[in-house]
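Structure, as structure tokens:
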Amino acid sequence: MAQISFSIVVVCLNPGEKLLKTVQSVLNQKYGNYEIVVKDGGSTDGSLEQLPADSRIRVYTRPDSGIYDAMNQAMSYVTGQFVQFLNCGDLLHDDMVLEQLAVVMERKRSRGADGESLGHKEKERIFYGNQYHEALGSVIYSAPEVNDFTCYRNVPCHQVCFYDVRLFAERGYDVKYRVRADYEHFLYCIYDRKAEAVYVEMIVADYEGGGFSETKENRRISEKEHAEITKRYLGRDKALRYKLLMLLTLAPLRTKLAEDEKYSEWYNGIKAKIYGRRGHKDEPGENRK
């Protein structure tokens, strides 16, 4: 059976030293079957020149209209079976991330799932794990099961997801969504493509914080886009029920606790215990901070 191949996509425009930092976290991997696709929008800060000469790094420079257009362009260069998108400044958590994920993927592929026959076309899957938030100093735990409510409230962070590349064959990110295009595409994969989401109990990526979606303006845009996307995939009535449920369970307060440096570790620890009691996972052995 052929070894799992990965494509790590990094999009950038004048990223400074963050680009090298992110790329180096991939080059440190013990697992060898991967490529790094750097999609550059036309950097002039010398960041591309800092990259080491390594055949696994491929750099493509083309103008783009923004981060999601850049990611769509990058997909035309990807050759791996599974693709991950790392933002500049974000890191693979340690040097065993790809090795551990490959073990789970091989196991899933060899045994099939949900009654899948090994003689039929391999099921399209998204493998995802947890995230370490550097600014908050805490682990952000993903929900161990993706269901309707998960899709409304708490899909996995973009950089902890590894997508079967076939999920981008018909369409990529919808660039009309300025902040939530990755969220919309995740729901497209689940509802339209019927992809299987597989939780792996490990920390996949370190997120530095202060990302594109966290500015005050983009949070407002995010709320509007979230309402449109959930109505499209879940239906108006179900989306409204979940919105009311969130209000009744003090979701705004819980979000503030999760994003507060003082309370984040405590809050996410409790959330992880709740997930652990009700969830399921494929577990290669967790790598915690």
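Quick note on naming: the chains in the structure tokens go A, B, ... in the order shown, residues restart at 1 in each chain, and ligands are numbered from 1 in order of appearance.
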Wanna dump the stretch 52-72 of chain A-stretch 83-91 of chain A contacts at 12 Å for me, each residue with its shortest atom pair and the distance in Å to one decimal, counting only C-alpha atoms, ordered by chain and number, as JSON lines?
```
{"residue": "A:Ile67", "atom": "CA", "partner": "A:Asn87", "partner_atom": "CA", "distance": 9.5}
{"residue": "A:Tyr68", "atom": "CA", "partner": "A:Phe85", "partner_atom": "CA", "distance": 10.6}
{"residue": "A:Ala70", "atom": "CA", "partner": "A:Phe85", "partner_atom": "CA", "distance": 10.9}
{"residue": "A:Met71", "atom": "CA", "partner": "A:Phe85", "partner_atom": "CA", "distance": 7.9}
{"residue": "A:Asn72", "atom": "CA", "partner": "A:Phe85", "partner_atom": "CA", "distance": 10.9}
```
Using only C-alpha atoms, which protein or nucleic acid residues come within 6 Å of A:Arg125? Drop anything in the same chain fewer than 4 positions from it, and give the result as a list in words.
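My list of contacting residues is Asp164, Ala195, Glu196 and Ala197 of chain A.
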Residue neighbourhood A:Arg56, 8 Å, only C-alpha atoms, exclusion window fewer than 4 positions, as a ChimeraX atom specification:
/A:34-36
Residue neighbourhood A:Asp192, 12 Å, only C-alpha atoms, exclusion window fewer than 2 positions, as a list in words
Glu124, Leu167, Glu170, Arg171, Glu184, His185, Phe186, Leu187, Tyr188, Cys189, Ile190, Lys194, Ala195, Glu196, Arg232, Tyr233 and Leu234 of chain A
Shell around A:Val11 at 6 Å using only C-alpha atoms, local window under 6 positions removed, as a PyMOL selection string:
chain A and resi 38-40
Can those selected residues be exported to a file as a PDB file, in the first residue's frame so that it contains all heavy atoms?
```pdb
ATOM      1  N   VAL A  38       4.318  26.976  -1.214  1.00  0.00           N
ATOM      2  CA  VAL A  38       4.263  28.370  -0.781  1.00  0.00           C
ATOM      3  C   VAL A  38       3.648  29.186  -1.912  1.00  0.00           C
ATOM      4  O   VAL A  38       4.224  29.283  -3.001  1.00  0.00           O
ATOM      5  CB  VAL A  38       5.661  28.919  -0.432  1.00  0.00           C
ATOM      6  CG1 VAL A  38       5.579  30.402  -0.056  1.00  0.00           C
ATOM      7  CG2 VAL A  38       6.279  28.114   0.705  1.00  0.00           C
ATOM      8  N   LYS A  39       2.463  29.730  -1.666  1.00  0.00           N
ATOM      9  CA  LYS A  39       1.799  30.588  -2.653  1.00  0.00           C
ATOM     10  C   LYS A  39       1.999  32.035  -2.197  1.00  0.00           C
ATOM     11  O   LYS A  39       1.416  32.474  -1.218  1.00  0.00           O
ATOM     12  CB  LYS A  39       0.314  30.234  -2.753  1.00  0.00           C
ATOM     13  CG  LYS A  39      -0.555  31.266  -3.470  1.00  0.00           C
ATOM     14  CD  LYS A  39      -0.089  31.571  -4.872  1.00  0.00           C
ATOM     15  CE  LYS A  39      -0.839  32.772  -5.426  1.00  0.00           C
ATOM     16  NZ  LYS A  39      -0.517  34.047  -4.779  1.00  0.00           N
ATOM     17  N   ASP A  40       2.826  32.753  -2.940  1.00  0.00           N
ATOM     18  CA  ASP A  40       3.193  34.123  -2.595  1.00  0.00           C
ATOM     19  C   ASP A  40       2.448  35.110  -3.483  1.00  0.00           C
ATOM     20  O   ASP A  40       2.316  34.891  -4.691  1.00  0.00           O
ATOM     21  CB  ASP A  40       4.705  34.291  -2.759  1.00  0.00           C
ATOM     22  CG  ASP A  40       5.146  35.727  -2.567  1.00  0.00           C
ATOM     23  OD1 ASP A  40       4.949  36.252  -1.451  1.00  0.00           O
ATOM     24  OD2 ASP A  40       5.672  36.318  -3.533  1.00  0.00           O
TER      25      ASP A  40
END
```
